[in-house]
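Worksheet: one structure, shown below.
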Amino acid sequence: MSSRDRFGLYAPIEPYRHGRLAVSGGHELYFEECGKRDGKPVLIVHGGPGGGSNPTMRRFHDPSRYRIILLDQRGCGRSTPHASLHENTTWHLIDDMEILRRDIGVDRWQILGGSWGSTLALAYAQQHPAQVLELVLRGVFLLRKSELDWFYREGANWLFPDAWENFLKPIPAAERGDLIAAYYRRLSHPDRNVQLEAARAWSVWEGSTLALYQNQERIKLFGADSYALAFARIECHYFVNRGFFRRDGDLLAGASALRGIPCVIVNGRYDVVTPLKSAWDLKAVWPEADLRIVADAGHAMTEPGIIHELISATRTFAG
């Protein structure tokens, strides 16, 4: 078995292959493969929407047993055009995952997704259950109105009033009744400077609430112009359109399609971004899923308790 560091992550690895996938709307998606070429395939589905993948995401699976596949979704990470909203919907991303699966010669794969990655993983699995070996979900986000209201209207601001004050600054008082819509107007504004001011504030708000303990380096990353622009524009685009789902609670309504797919759900007890209620509600309609509540963690994938449970799941599923 491959070595692991003091945090429990597998040692850093480099891709043995990377490439670009041409899809609709002029998008080109970056993807990479790491680990064992003939190992068990797993697709890592990053968060956001608009967050992009990073090297740490390669380190939750044993590279001596898994073929680890990372994909930057439309408009973010190393995919181009950067921060593009054109033909960028949940259904386009699901199609992209299928195009990639067929292009690299994978029959069935495990899916690991956190936050928005859990949303997309669930939506993909409901559309293509026969292609999914297992699901490993972290920080479940069902993209319901109640979840968006908690984070962008009333709820999380009670725990982070200092960060919330900074989040409100770009928006005049008269527009604060619907902050997602107010931000969307600025993030889709033709003036790049208007976009950037809104993008930094939107992105830093989320970066400030991710973990049980504040991490200034993470907040700095979220505020960097290139990252913030893609993250904020794409995320707000999805939220103002309610994830492009047909109805509120669509993923819960479609949970019957998941029956028979082994699943581990990992959620921090003190997750402010995607509170435990969403994972609890998913477990209620999908009782076979294994829900693991981490007592001393928030939302971030790199908190020790979250790392422990995710790697425990991937080791079990390695077979």
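Labels for the structure tokens follow display order: chains A, B, ..., residues from 1 in each chain, ligands from 1.
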Practice task
Taking the chain letters and numbering used in this document, name the residues of segment 31-208 of chain A that DSSP puts in strand (DSSP E), as an MDAnalysis selection string.
Solution key: chainID A and resid 31:35 40:45 66:71 109:114 132:138
For C-alpha atoms, I'd like the residues from the last selection saved as a PDB file, in the first residue's frame.
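Result file is selection04.pdb:
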ATOM      1  CA  PHE A  31      -8.379  16.322 -17.579  1.00  0.00           C
ATOM      2  CA  GLU A  32      -5.630  14.212 -16.082  1.00  0.00           C
ATOM      3  CA  GLU A  33      -5.017  10.643 -14.986  1.00  0.00           C
ATOM      4  CA  CYS A  34      -2.834   9.535 -12.065  1.00  0.00           C
ATOM      5  CA  GLY A  35      -2.027   6.398 -10.131  1.00  0.00           C
ATOM      6  CA  LYS A  40      -9.996   0.793 -10.436  1.00  0.00           C
ATOM      7  CA  PRO A  41     -11.250   3.990 -12.139  1.00  0.00           C
ATOM      8  CA  VAL A  42     -12.421   6.899 -10.013  1.00  0.00           C
ATOM      9  CA  LEU A  43     -13.543  10.339 -11.160  1.00  0.00           C
ATOM     10  CA  ILE A  44     -12.953  13.225  -8.736  1.00  0.00           C
ATOM     11  CA  VAL A  45     -15.749  15.799  -9.125  1.00  0.00           C
ATOM     12  CA  TYR A  66      -6.776   3.275  -8.335  1.00  0.00           C
ATOM     13  CA  ARG A  67      -6.760   4.976 -11.715  1.00  0.00           C
ATOM     14  CA  ILE A  68      -7.475   8.524 -10.494  1.00  0.00           C
ATOM     15  CA  ILE A  69      -9.141  10.868 -12.995  1.00  0.00           C
ATOM     16  CA  LEU A  70      -9.544  14.622 -12.476  1.00  0.00           C
ATOM     17  CA  LEU A  71     -11.612  16.908 -14.707  1.00  0.00           C
ATOM     18  CA  TRP A 109     -16.227   4.196 -12.335  1.00  0.00           C
ATOM     19  CA  GLN A 110     -16.393   5.303  -8.754  1.00  0.00           C
ATOM     20  CA  ILE A 111     -17.371   8.941  -8.251  1.00  0.00           C
ATOM     21  CA  LEU A 112     -16.018  11.065  -5.402  1.00  0.00           C
ATOM     22  CA  GLY A 113     -17.552  14.516  -5.094  1.00  0.00           C
ATOM     23  CA  GLY A 114     -17.693  17.144  -2.375  1.00  0.00           C
ATOM     24  CA  VAL A 132     -21.434   4.129 -11.272  1.00  0.00           C
ATOM     25  CA  LEU A 133     -19.571   1.580  -9.137  1.00  0.00           C
ATOM     26  CA  GLU A 134     -19.777   3.553  -5.887  1.00  0.00           C
ATOM     27  CA  LEU A 135     -20.348   7.078  -4.641  1.00  0.00           C
ATOM     28  CA  VAL A 136     -18.262   8.848  -2.010  1.00  0.00           C
ATOM     29  CA  LEU A 137     -19.930  12.144  -1.116  1.00  0.00           C
ATOM     30  CA  ARG A 138     -18.633  14.908   1.142  1.00  0.00           C
TER      31      ARG A 138
END
Practice task
Write out as an MDAnalysis selection string the residues lying within 8 Å of segment 282-290 of chain A, counting only C-alpha atoms and excluding same-chain residues fewer than 5 positions away.
Solution key: chainID A and resid 252 255:256 258:259 262:265
With N, CA and C atoms retained, export the selected residues as a compact mmCIF listing (two decimals), in the first residue's frame.
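This went into selection04.txt:
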# COMPACT_ATOMS: atom_id res chain seq x y z
N LEU A 252 -33.56 14.82 -4.30
CA LEU A 252 -34.21 13.94 -3.33
C LEU A 252 -35.34 13.15 -4.00
N ALA A 255 -34.09 10.06 -5.85
CA ALA A 255 -33.15 9.19 -5.13
C ALA A 255 -33.38 7.71 -5.37
N SER A 256 -34.57 7.32 -5.79
CA SER A 256 -34.84 5.89 -6.02
C SER A 256 -33.91 5.32 -7.09
N LEU A 258 -30.86 5.67 -7.24
CA LEU A 258 -29.57 5.38 -6.64
C LEU A 258 -29.54 4.03 -5.93
N ARG A 259 -30.68 3.41 -5.78
CA ARG A 259 -30.75 2.14 -5.05
C ARG A 259 -29.82 1.12 -5.69
N PRO A 262 -23.51 1.38 -3.89
CA PRO A 262 -22.90 1.59 -2.57
C PRO A 262 -22.47 3.05 -2.41
N CYS A 263 -22.69 3.60 -1.22
CA CYS A 263 -22.37 5.02 -1.02
C CYS A 263 -21.94 5.28 0.42
N VAL A 264 -20.90 6.09 0.56
CA VAL A 264 -20.51 6.65 1.85
C VAL A 264 -20.69 8.16 1.77
N ILE A 265 -21.38 8.72 2.76
CA ILE A 265 -21.59 10.17 2.86
C ILE A 265 -20.82 10.66 4.08
Handout entry: For segment 75-85 of chain A: contacts at 6 Å, only C-alpha atoms, fewer than 5 positions along chain excluded, given as a list in words
Key = His27, Glu28, Leu29, Tyr30, Gly50, Gly52 and Ala230 of chain A
Since we have the selection now, will you write its residues out, keeping C-alpha atoms, as a compact mmCIF listing (two decimals), in the first residue's frame?
# COMPACT_ATOMS: atom_id res chain seq x y z
CA HIS A 27 -15.37 24.66 -24.37
CA GLU A 28 -12.14 22.67 -23.96
CA LEU A 29 -11.87 20.74 -20.72
CA TYR A 30 -8.63 19.86 -18.98
CA GLY A 50 -16.38 26.85 -10.74
CA GLY A 52 -11.55 23.59 -10.44
CA ALA A 230 -14.42 31.80 -12.41
Exercise for the section: Give the answer as one residue: which of A:Leu100, A:Ile307, A:Met301, A:Ile293 has the shortest atom-to-atom distance to Gly117 of chain A, using only C-alpha atoms? Expected result: A:Met301
Practice task
Tell me which of A:His299, A:Arg218, A:Arg186, A:His308 sits closest to Ala199 of chain A, counting only C-alpha atoms.
Solution key: A:Arg186
Practice task
Select, from A:Ile171, A:Ala300, A:Ala228, A:Leu148, the residue with the minimum atom-to-atom distance to Gln214 of chain A, counting only C-alpha atoms.
Solution key: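 The shortest atom-to-atom distance to Gln214 of chain A comes from A:Ala300.
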Handout entry: Exercise: Arg65 of chain A partners within 10 Å, only C-alpha atoms, chain neighbours under 5 positions left out, as JSON, numbers by chain
Key = {"A": [1, 2, 35, 36, 37, 38, 39, 40, 41, 315, 318, 319]}
Exercise for the section: Would you please work out which residue, of A:Ser115, A:Thr302, A:Asp149, A:Arg20, is nearest to Asn215 of chain A when using only C-alpha atoms? Expected result: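 Smallest separation from Asn215 of chain A among the options: A:Thr302.
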Handout entry: Using only C-alpha atoms: which of A:Phe231, A:Trp202, A:Tyr213, A:Trp116 has the shortest distance to Gly51 of chain A
Key =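 The shortest atom-to-atom distance to Gly51 of chain A comes from A:Phe231.
Going from atom CA of Glu309 of chain A to atom CA of Asn54 of chain A covers 19.7 Å.
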Practice task
Find the residues around Leu142 of chain A up to 9 Å (only C-alpha atoms counted), leave out those fewer than 5 positions away in its own chain, and share them as an MDAnalysis selection string.
Solution key: chainID A and resid 115:116 118:119 122 147 249:252 274 278:279 282
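Considering only C-alpha atoms, the residue among A:Arg176, A:Arg233, A:Lys220, A:Arg108 positioned nearest to Asn88 of chain A is A:Arg233.
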Handout entry: atom CA of Asp162 of chain A to atom CA of Glu197 of chain A, distance in Å rounded to a single decimal
Key =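 We find that atom CA of Asp162 of chain A and atom CA of Glu197 of chain A lie 18.2 Å from each other.
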